[in-house]
Structure formats: structure tokens, C-alpha cells
>>> print(open('final.cif').read())   # mmCIF, C-alpha atoms
data_model
#
loop_
_atom_site.label_atom_id
_atom_site.label_comp_id
_atom_site.auth_asym_id
_atom_site.auth_seq_id
_atom_site.Cartn_x
_atom_site.Cartn_y
_atom_site.Cartn_z
CA MET Z 1 -218.64 133.40 -44.54
CA SER Z 2 -215.58 132.55 -46.53
CA HIS Z 3 -212.56 130.56 -45.42
CA ASP Z 4 -209.01 131.30 -46.39
CA LEU Z 5 -205.67 130.05 -45.14
CA ASN Z 6 -204.64 133.59 -44.20
CA SER Z 7 -207.96 135.29 -43.22
CA THR Z 8 -211.44 134.61 -41.86
CA SER Z 9 -214.52 136.82 -42.59
CA VAL Z 10 -217.37 136.86 -40.10
CA ASP Z 11 -220.20 139.46 -40.58
CA GLY Z 12 -218.01 141.58 -42.79
CA THR Z 13 -215.19 141.64 -40.27
CA THR Z 14 -211.96 140.21 -41.46
CA THR Z 15 -209.36 138.90 -39.05
CA SER Z 16 -205.98 137.62 -40.07
CA ALA Z 17 -204.83 134.29 -38.73
CA MET Z 18 -201.08 133.58 -38.61
CA PRO Z 19 -200.02 130.02 -39.24
CA ALA Z 20 -199.21 128.10 -36.06
CA THR Z 21 -195.54 128.18 -35.10
CA PRO Z 22 -194.15 124.70 -34.56
CA ALA Z 23 -193.07 124.02 -30.98
CA MET Z 24 -189.35 124.17 -30.30
CA PRO Z 25 -187.86 120.88 -29.19
CA ALA Z 26 -186.95 120.73 -25.53
CA MET Z 27 -183.28 121.31 -24.87
CA PRO Z 28 -181.62 118.69 -22.77
CA ALA Z 29 -180.74 119.84 -19.28
CA THR Z 30 -177.13 120.86 -18.99
CA PRO Z 31 -175.54 119.27 -15.95
CA ALA Z 32 -173.84 121.61 -13.52
CA THR Z 33 -170.12 121.89 -13.93
CA GLN Z 34 -168.48 119.48 -11.48
CA PRO Z 35 -165.53 120.82 -9.50
CA ALA Z 36 -162.19 119.27 -10.25
CA ALA Z 37 -161.24 116.46 -7.91
CA MET Z 38 -158.70 117.34 -5.24
CA ARG Z 39 -155.22 115.99 -5.74
CA ALA Z 40 -154.26 113.22 -3.36
CA ALA Z 41 -152.20 114.32 -0.39
CA THR Z 42 -148.58 113.29 -0.20
CA GLN Z 43 -147.27 111.14 2.61
CA LYS Z 44 -146.21 113.07 5.67
CA SER Z 45 -142.56 112.84 6.63
CA GLY Z 46 -140.72 113.75 9.78
CA SER Z 47 -137.84 116.18 10.16
CA GLY Z 48 -135.31 113.50 11.12
CA ALA Z 49 -131.97 114.38 12.67
CA ILE Z 50 -131.84 117.66 10.74
CA GLY Z 51 -134.66 118.87 12.99
CA VAL Z 52 -132.13 118.98 15.86
CA VAL Z 53 -129.02 119.95 13.91
CA GLY Z 54 -130.72 122.84 12.10
CA PRO Z 55 -131.77 124.82 15.20
CA LEU Z 56 -128.37 124.14 16.81
CA LEU Z 57 -126.51 125.54 13.80
CA ALA Z 58 -128.89 128.49 13.72
CA ILE Z 59 -128.06 129.31 17.36
CA LEU Z 60 -124.32 129.09 16.64
CA LEU Z 61 -124.64 131.39 13.62
CA LEU Z 62 -126.72 133.83 15.66
CA ALA Z 63 -124.05 133.88 18.38
CA LEU Z 64 -121.36 134.49 15.74
CA GLY Z 65 -123.41 137.35 14.30
CA VAL Z 66 -123.77 138.95 17.73
CA LEU Z 67 -120.01 138.63 18.26
CA LEU Z 68 -119.18 140.28 14.92
CA LEU Z 69 -121.75 143.03 15.55
CA ARG Z 70 -120.19 143.75 18.94
CA ASP Z 71 -116.70 143.95 17.38
CA ALA Z 72 -118.02 146.27 14.68
CA LEU Z 73 -119.49 148.62 17.30
CA VAL Z 74 -116.20 148.56 19.20
CA ALA Z 75 -114.28 149.40 16.02
CA ALA Z 76 -116.69 152.27 15.35
CA GLY Z 77 -116.02 153.68 18.82
CA ILE Z 78 -119.57 153.20 20.06
CA PHE Z 79 -118.51 150.62 22.65
CA SER Z 80 -115.28 150.53 24.56
CA GLY Z 81 -113.12 147.45 24.95
CA LYS Z 82 -111.18 145.00 22.85
CA GLN Z 83 -112.39 143.28 19.75
CA TRP Z 84 -112.92 139.63 20.64
CA ALA Z 85 -112.44 138.24 17.13
CA SER Z 86 -109.14 140.04 16.55
CA SER Z 87 -107.95 139.08 20.04
CA ALA Z 88 -108.69 135.41 19.29
CA VAL Z 89 -106.81 135.58 15.99
CA SER Z 90 -103.87 137.33 17.65
CA GLY Z 91 -103.76 134.63 20.31
CA LEU Z 92 -103.30 131.97 17.62
CA GLN Z 93 -100.22 133.65 16.21
CA GLY Z 94 -97.10 131.66 17.03
CA PHE Z 95 -99.14 128.58 17.91
CA ALA Z 96 -96.87 125.57 17.39
CA PRO Z 97 -98.20 122.28 15.98
CA VAL Z 98 -98.97 119.68 18.64
CA TRP Z 99 -99.95 116.05 18.39
CA TRP Z 100 -103.54 116.47 19.58
CA LEU Z 101 -104.42 118.65 16.59
CA ILE Z 102 -104.49 115.51 14.40
CA PRO Z 103 -107.32 113.70 16.27
CA VAL Z 104 -109.17 117.00 16.67
CA GLY Z 105 -108.94 117.55 12.91
CA VAL Z 106 -110.19 114.03 12.23
CA VAL Z 107 -113.14 114.57 14.58
CA VAL Z 108 -113.99 117.88 12.88
CA VAL Z 109 -113.89 116.22 9.45
CA LEU Z 110 -116.14 113.39 10.64
CA ILE Z 111 -118.60 115.89 12.09
CA GLY Z 112 -118.65 117.74 8.76
CA VAL Z 113 -119.27 114.52 6.83
CA TRP Z 114 -122.05 113.58 9.26
CA LEU Z 115 -123.69 116.97 8.80
CA VAL Z 116 -123.60 116.60 5.00
CA VAL Z 117 -125.05 113.08 5.15
CA THR Z 118 -127.73 114.22 7.61
CA ALA Z 119 -128.74 117.10 5.36
CA LEU Z 120 -128.98 114.89 2.26
CA ARG Z 121 -130.54 111.83 3.88
CA PRO Z 122 -134.25 111.29 3.14
CA ARG Z 123 -136.49 112.40 5.97
CA SER Z 124 -138.02 109.74 8.19
CA ARG Z 125 -141.58 108.51 7.63
CA LYS Z 126 -143.85 107.20 10.35
CA THR Z 127 -147.15 106.99 8.47
CA LEU Z 128 -148.76 104.17 6.47
CA PRO Z 129 -151.06 104.87 3.49
CA LEU Z 130 -154.65 103.61 3.52
CA THR Z 131 -156.27 102.06 0.47
CA SER Z 132 -157.82 105.29 -0.79
CA GLN Z 133 -157.73 107.67 -3.75
CA THR Z 134 -157.61 110.79 -1.60
CA GLY Z 135 -154.24 110.33 0.12
CA VAL Z 136 -155.13 109.21 3.65
CA PHE Z 137 -152.35 108.14 6.00
CA LEU Z 138 -152.13 106.74 9.53
CA HIS Z 139 -149.31 107.44 11.95
CA THR Z 140 -147.58 104.41 13.42
CA ARG Z 141 -148.91 105.25 16.90
CA ASP Z 142 -152.46 105.15 15.49
CA VAL Z 143 -151.70 101.80 13.87
CA ALA Z 144 -150.60 100.54 17.29
CA ARG Z 145 -153.87 101.78 18.81
CA LEU Z 146 -155.88 99.96 16.15
CA ALA Z 147 -153.93 96.78 16.85
CA SER Z 148 -154.53 97.08 20.60
CA GLY Z 149 -158.25 97.67 20.06
CA ALA Z 150 -158.56 94.63 17.81
CA ALA Z 151 -156.62 92.42 20.23
CA ALA Z 152 -158.66 93.60 23.23
CA ASP Z 153 -161.86 92.35 21.56
CA VAL Z 154 -160.58 88.76 21.44
CA ASP Z 155 -161.93 86.42 24.12
CA GLY Z 156 -159.33 85.48 26.71
CA VAL Z 157 -157.41 88.77 26.57
CA LEU Z 158 -157.05 90.60 29.87
CA GLY Z 159 -154.62 93.34 28.81
CA VAL Z 160 -152.79 94.37 25.67
CA SER Z 161 -150.06 96.77 24.59
CA SER Z 162 -148.78 97.39 21.07
CA THR Z 163 -145.92 99.09 19.30
CA ALA Z 164 -145.73 99.71 15.57
CA THR Z 165 -143.31 100.72 12.86
CA ARG Z 166 -143.97 101.04 9.14
CA ARG Z 167 -143.04 97.37 8.66
CA LYS Z 168 -144.00 95.55 11.85
CA VAL Z 169 -146.64 95.64 14.59
CA THR Z 170 -145.78 93.95 17.88
CA VAL Z 171 -148.74 93.05 20.12
CA SER Z 172 -148.13 91.92 23.71
CA VAL Z 173 -151.19 90.19 25.17
CA GLN Z 174 -151.89 89.24 28.78
CA ALA Z 175 -154.14 86.17 28.93
CA THR Z 176 -156.93 85.87 31.48
CA GLY Z 177 -155.80 82.41 32.67
CA HIS Z 178 -153.73 79.34 31.94
CA GLY Z 179 -156.43 77.79 29.76
CA SER Z 180 -156.68 80.82 27.49
CA GLY Z 181 -152.99 81.07 26.62
CA GLY Z 182 -151.01 79.26 23.96
CA SER Z 183 -150.98 79.19 20.22
CA GLY Z 184 -154.78 79.28 19.96
CA LEU Z 185 -155.02 82.73 21.54
CA ARG Z 186 -152.00 83.91 19.63
CA GLU Z 187 -153.55 82.91 16.31
CA SER Z 188 -156.87 84.53 17.22
CA VAL Z 189 -155.20 87.81 18.16
CA GLU Z 190 -153.04 87.76 15.04
CA ALA Z 191 -156.09 87.16 12.83
CA ALA Z 192 -158.05 89.97 14.51
CA VAL Z 193 -155.21 92.46 14.21
CA THR Z 194 -154.50 91.47 10.61
CA GLU Z 195 -158.14 92.00 9.69
CA ARG Z 196 -158.24 95.38 11.44
CA LEU Z 197 -155.17 96.57 9.55
CA SER Z 198 -156.31 95.23 6.19
CA ALA Z 199 -157.42 98.73 5.16
CA LEU Z 200 -153.79 99.77 4.93
CA GLN Z 201 -152.28 99.79 1.48
CA SER Z 202 -149.27 97.76 2.70
CA PRO Z 203 -150.20 96.18 6.04
CA PRO Z 204 -147.22 95.64 8.34
CA ARG Z 205 -146.25 92.23 9.64
CA VAL Z 206 -148.02 91.25 12.88
CA ALA Z 207 -146.13 89.60 15.77
CA VAL Z 208 -148.03 88.49 18.88
CA ALA Z 209 -146.58 87.61 22.28
CA VAL Z 210 -148.88 85.99 24.86
CA ARG Z 211 -148.18 86.28 28.58
CA THR Z 212 -149.95 84.16 31.21
CA PRO Z 213 -150.52 85.20 34.84
CA LYS Z 214 -147.71 82.84 35.90
CA GLU Z 215 -145.23 84.79 33.75
CA ASN Z 216 -146.23 88.03 35.43
#
>>> encode(input="final.cif", output="C-alpha cells")
Amino acid sequence: MSHDLNSTSVDGTTTSAMPATPAMPAMPATPATQPAAMRAATQKSGSGAIGVVGPLLAILLLALGVLLLRDALVAAGIFSGKQWASSAVSGLQGFAPVWWLIPVGVVVVLIGVWLVVTALRPRSRKTLPLTSQTGVFLHTRDVARLASGAAADVDGVLGVSSTATRRKVTVSVQATGHGSGGSGLRESVEAAVTERLSALQSPPRVAVAVRTPKEN
């Protein structure tokens, strides 16, 4: 029996032995690709006055289009009758200037200026942002509900109603009796509402009015 680095002989049989292959180092686990974070939502805004003016102007333009289409069909001989637009223009021929045209013109100019200002004015906002990185907002009516819920939990409060804007929350509290009214209850309600609205990025100012049964 002879020993060699590359072969081993046992009873005349030779077998080759390959040198041991060193183990490969373990590869670190690759973390799964994380999805990109969603962009924060923008603050919701209302339509403002343009939400009423826009549909009204659309109806007027639609009526004008129907009028011109009708006159076009009359001119083409499809419909019988007079053309309304040309009749209106013909009726204005020979119209003499009168004094009331001046105030009417001023009113028309003011309406035009108002329409331009309404179209360019920033839209109204009735939501308040929460302290969050994902763009969460509360409508002012929801802020009023939170204020009412916080005030209702205060001892000595029989009833509560709240109104809210983006800058101020007004809480009207009905006390259970004469002994529960006054500045003490007002301060307690104001503290409770302020704490409840502390999650807002810019909490509105809190105003509390206390009513006693005698005042009802």
C-alpha cells in the first residue's frame, strides 16, 4: 500500500483522489427591493364661486349654440320661419342712445370684472392638515365633530354643539347645573378640545361659550 497526494493503491487497484475544493463563502442575503414611498397627497380645495358661475355660463353658451343652430337650419331651408339672431340685430338698427344705457353698461363691466376675479381667485379650502408624512387632512366639519366629542366627555356638560373654520373652533356648551358653569368648566372644555385637536399640524384657536339652564 502506497500513499500519494493524487492516488491511493489498495490490492493493486488504484483510485484517484481529487484535492478537496474549498467551500465557497456564504453570500449575504439580498434584501427584497422596497417599493418607493407614495407621494404625500395635496390638500383638498373646494370649487368656490366658480363652481356656480361655471355651470351657469355653460348653460348660456349651450342656449346660444342651440339658437345659432336653429338659425342655420332656417337659412338652409330645412326649417321655416325667421332667423332670430338676424331679427334681433335688425331690431337694434336705429336705436337711439338713452340715459339708462350708462348704468347698464357700468353693471355689465362690473359683472365682467367680477367674473375675471372669480376665475383667478384661489379656490377655497376647508381642510386642515394632520401631523403626518402621508398627506392626511380633516374637513372642518370633522374638526367640529372632534371638538364636540372632546367637550362631551368633560364632567358637567349636558349638551354641546361646535362649528369650525380653518382658523377657529367655536364650542357652545350647555352645563348640567348652576354649580357646574363658569370659568372652571370653560377652561376644562377648552383644555380637552385643545388636546383632541393637537394632532393637527396647525390647530385652530378654540373658543368656548358656556350656557347654564337659567340662560335657556
>>> residues_around(input="final.cif", residues="range 59-64 of chain Z", least_positions_apart="6", cutoff="12 Å", atoms="only C-alpha atoms", output="MDAnalysis selection string")
chainID Z and resid 52:53 70:71 84:85
>>> residues_near_point(input="final.cif", point="(-152.8, 104.4, 14.0)", cutoff="12 Å", atoms="all atoms listed in the file", output="PyMOL selection string")
chain Z and resi 126-130+136-150+162-166+169+196-197+199-200+203-204
>>> atom_distance(input="final.cif", atom1="CA of Arg205 in chain Z", atom2="CA of Ala192 in chain Z")
13.0 Å
>>> residues_around(input="final.cif", residues="Ser86 in chain Z", least_positions_apart="3", cutoff="12 Å", atoms="all atoms listed in the file", output="list in words")
Leu67, Leu68, Arg70, Asp71, Ala72, Val74, Ala75, Gly81, Lys82, Gln83, Val89, Ser90, Gly91, Leu92 and Gln93 of chain Z
>>> atom_distance(input="final.cif", atom1="CA of Gly177 in chain Z", atom2="CA of Pro213 in chain Z")
6.4 Å
>>> atom_distance(input="final.cif", atom1="CA of Pro55 in chain Z", atom2="CA of Val113 in chain Z")
18.2 Å
>>> closest_residue(input="final.cif", among="Z:Gly105, Z:Phe95, Z:Val210, Z:Pro122", to="Leu158 in chain Z", atoms="only C-alpha atoms")
Z:Val210
>>> closest_residue(input="final.cif", among="Z:Ser202, Z:Thr212, Z:Thr131, Z:Thr118", to="Arg186 in chain Z", atoms="only C-alpha atoms")
Z:Thr212
>>> resolve_selection(input="final.cif", expression="the PyMOL selection byres ((chain Z and resi 209) around 7)", output="list in words")
Val171, Ser172, Val173, Ala207, Val208, Val210 and Arg211 of chain Z
>>> write_last_selection(input="final.cif", atoms="C-alpha atoms", output="PDB file, keeping the file's coordinate frame")
ATOM      1  CA  VAL Z 171    -148.740  93.050  20.120  1.00  0.00           C
ATOM      2  CA  SER Z 172    -148.130  91.920  23.710  1.00  0.00           C
ATOM      3  CA  VAL Z 173    -151.190  90.190  25.170  1.00  0.00           C
ATOM      4  CA  ALA Z 207    -146.130  89.600  15.770  1.00  0.00           C
ATOM      5  CA  VAL Z 208    -148.030  88.490  18.880  1.00  0.00           C
ATOM      6  CA  VAL Z 210    -148.880  85.990  24.860  1.00  0.00           C
ATOM      7  CA  ARG Z 211    -148.180  86.280  28.580  1.00  0.00           C
TER       8      ARG Z 211
END
>>> residues_around(input="final.cif", residues="Ser188 in chain Z", least_positions_apart="4", cutoff="9 Å", atoms="all atoms listed in the file", output="compact mmCIF listing (two decimals) with C-alpha atoms, in the frame of the given file")
# COMPACT_ATOMS: atom_id res chain seq x y z
CA ALA Z 151 -156.62 92.42 20.23
CA VAL Z 154 -160.58 88.76 21.44
CA ASP Z 155 -161.93 86.42 24.12
CA SER Z 183 -150.98 79.19 20.22
CA GLY Z 184 -154.78 79.28 19.96
CA ALA Z 192 -158.05 89.97 14.51
CA VAL Z 193 -155.21 92.46 14.21
>>> decode(input="final.cif", residues="range 111-187 of chain Z", atoms="C-alpha atoms", output="PDB file, in the first residue's frame")
ATOM      1  CA  ILE Z 111     -70.074  91.767 -13.772  1.00  0.00           C
ATOM      2  CA  GLY Z 112     -67.215  91.126 -16.200  1.00  0.00           C
ATOM      3  CA  VAL Z 113     -64.619  92.237 -13.645  1.00  0.00           C
ATOM      4  CA  TRP Z 114     -66.256  90.033 -11.008  1.00  0.00           C
ATOM      5  CA  LEU Z 115     -66.153  87.035 -13.339  1.00  0.00           C
ATOM      6  CA  VAL Z 116     -62.443  87.593 -14.033  1.00  0.00           C
ATOM      7  CA  VAL Z 117     -61.640  87.945 -10.323  1.00  0.00           C
ATOM      8  CA  THR Z 118     -63.724  84.859  -9.516  1.00  0.00           C
ATOM      9  CA  ALA Z 119     -61.910  82.809 -12.140  1.00  0.00           C
ATOM     10  CA  LEU Z 120     -58.455  83.874 -10.925  1.00  0.00           C
ATOM     11  CA  ARG Z 121     -59.139  83.802  -7.190  1.00  0.00           C
ATOM     12  CA  PRO Z 122     -57.620  80.841  -5.304  1.00  0.00           C
ATOM     13  CA  ARG Z 123     -60.134  78.122  -4.556  1.00  0.00           C
ATOM     14  CA  SER Z 124     -61.477  77.841  -1.024  1.00  0.00           C
ATOM     15  CA  ARG Z 125     -60.031  75.322   1.432  1.00  0.00           C
ATOM     16  CA  LYS Z 126     -61.966  73.715   4.249  1.00  0.00           C
ATOM     17  CA  THR Z 127     -59.498  71.065   5.384  1.00  0.00           C
ATOM     18  CA  LEU Z 128     -56.729  71.121   7.998  1.00  0.00           C
ATOM     19  CA  PRO Z 129     -53.553  69.006   7.634  1.00  0.00           C
ATOM     20  CA  LEU Z 130     -52.669  66.427  10.282  1.00  0.00           C
ATOM     21  CA  THR Z 131     -49.129  65.964  11.545  1.00  0.00           C
ATOM     22  CA  SER Z 132     -48.238  63.192   9.103  1.00  0.00           C
ATOM     23  CA  GLN Z 133     -45.858  62.398   6.248  1.00  0.00           C
ATOM     24  CA  THR Z 134     -48.552  60.880   4.052  1.00  0.00           C
ATOM     25  CA  GLY Z 135     -50.751  63.920   3.433  1.00  0.00           C
ATOM     26  CA  VAL Z 136     -53.774  63.381   5.694  1.00  0.00           C
ATOM     27  CA  PHE Z 137     -56.351  66.139   6.018  1.00  0.00           C
ATOM     28  CA  LEU Z 138     -59.523  66.705   8.038  1.00  0.00           C
ATOM     29  CA  HIS Z 139     -62.524  68.667   6.829  1.00  0.00           C
ATOM     30  CA  THR Z 140     -63.685  71.489   9.075  1.00  0.00           C
ATOM     31  CA  ARG Z 141     -66.946  69.652   9.815  1.00  0.00           C
ATOM     32  CA  ASP Z 142     -64.905  66.683  11.078  1.00  0.00           C
ATOM     33  CA  VAL Z 143     -62.844  69.047  13.225  1.00  0.00           C
ATOM     34  CA  ALA Z 144     -66.106  70.325  14.718  1.00  0.00           C
ATOM     35  CA  ARG Z 145     -67.189  66.745  15.459  1.00  0.00           C
ATOM     36  CA  LEU Z 146     -63.896  66.034  17.217  1.00  0.00           C
ATOM     37  CA  ALA Z 147     -64.326  69.181  19.293  1.00  0.00           C
ATOM     38  CA  SER Z 148     -67.885  68.212  20.259  1.00  0.00           C
ATOM     39  CA  GLY Z 149     -66.777  64.711  21.229  1.00  0.00           C
ATOM     40  CA  ALA Z 150     -63.967  66.037  23.406  1.00  0.00           C
ATOM     41  CA  ALA Z 151     -66.240  68.578  25.098  1.00  0.00           C
ATOM     42  CA  ALA Z 152     -68.974  65.994  25.730  1.00  0.00           C
ATOM     43  CA  ASP Z 153     -66.521  63.890  27.774  1.00  0.00           C
ATOM     44  CA  VAL Z 154     -65.964  66.708  30.286  1.00  0.00           C
ATOM     45  CA  ASP Z 155     -67.838  66.398  33.585  1.00  0.00           C
ATOM     46  CA  GLY Z 156     -70.644  68.912  33.931  1.00  0.00           C
ATOM     47  CA  VAL Z 157     -71.502  69.081  30.225  1.00  0.00           C
ATOM     48  CA  LEU Z 158     -75.097  68.283  29.325  1.00  0.00           C
ATOM     49  CA  GLY Z 159     -75.059  69.226  25.642  1.00  0.00           C
ATOM     50  CA  VAL Z 160     -72.581  70.612  23.148  1.00  0.00           C
ATOM     51  CA  SER Z 161     -72.514  71.981  19.614  1.00  0.00           C
ATOM     52  CA  SER Z 162     -69.483  73.099  17.617  1.00  0.00           C
ATOM     53  CA  THR Z 163     -68.642  74.972  14.452  1.00  0.00           C
ATOM     54  CA  ALA Z 164     -65.213  75.142  12.872  1.00  0.00           C
ATOM     55  CA  THR Z 165     -63.249  77.019  10.262  1.00  0.00           C
ATOM     56  CA  ARG Z 166     -59.605  76.580   9.314  1.00  0.00           C
ATOM     57  CA  ARG Z 167     -58.609  79.158  11.948  1.00  0.00           C
ATOM     58  CA  LYS Z 168     -61.157  78.907  14.758  1.00  0.00           C
ATOM     59  CA  VAL Z 169     -63.314  76.323  16.537  1.00  0.00           C
ATOM     60  CA  THR Z 170     -66.317  77.604  18.468  1.00  0.00           C
ATOM     61  CA  VAL Z 171     -67.746  75.239  21.098  1.00  0.00           C
ATOM     62  CA  SER Z 172     -71.099  76.016  22.728  1.00  0.00           C
ATOM     63  CA  VAL Z 173     -71.596  74.014  25.935  1.00  0.00           C
ATOM     64  CA  GLN Z 174     -74.758  73.544  27.981  1.00  0.00           C
ATOM     65  CA  ALA Z 175     -73.891  72.986  31.645  1.00  0.00           C
ATOM     66  CA  THR Z 176     -75.767  70.468  33.775  1.00  0.00           C
ATOM     67  CA  GLY Z 177     -76.463  72.982  36.574  1.00  0.00           C
ATOM     68  CA  HIS Z 178     -75.556  76.296  38.139  1.00  0.00           C
ATOM     69  CA  GLY Z 179     -72.653  74.821  40.095  1.00  0.00           C
ATOM     70  CA  SER Z 180     -71.005  73.364  37.002  1.00  0.00           C
ATOM     71  CA  GLY Z 181     -70.907  76.569  34.960  1.00  0.00           C
ATOM     72  CA  GLY Z 182     -68.378  79.367  34.980  1.00  0.00           C
ATOM     73  CA  SER Z 183     -64.765  79.725  34.068  1.00  0.00           C
ATOM     74  CA  GLY Z 184     -63.808  76.354  35.576  1.00  0.00           C
ATOM     75  CA  LEU Z 185     -65.948  74.405  33.105  1.00  0.00           C
ATOM     76  CA  ARG Z 186     -64.904  76.670  30.282  1.00  0.00           C
ATOM     77  CA  GLU Z 187     -61.224  76.034  30.970  1.00  0.00           C
TER      78      GLU Z 187
END
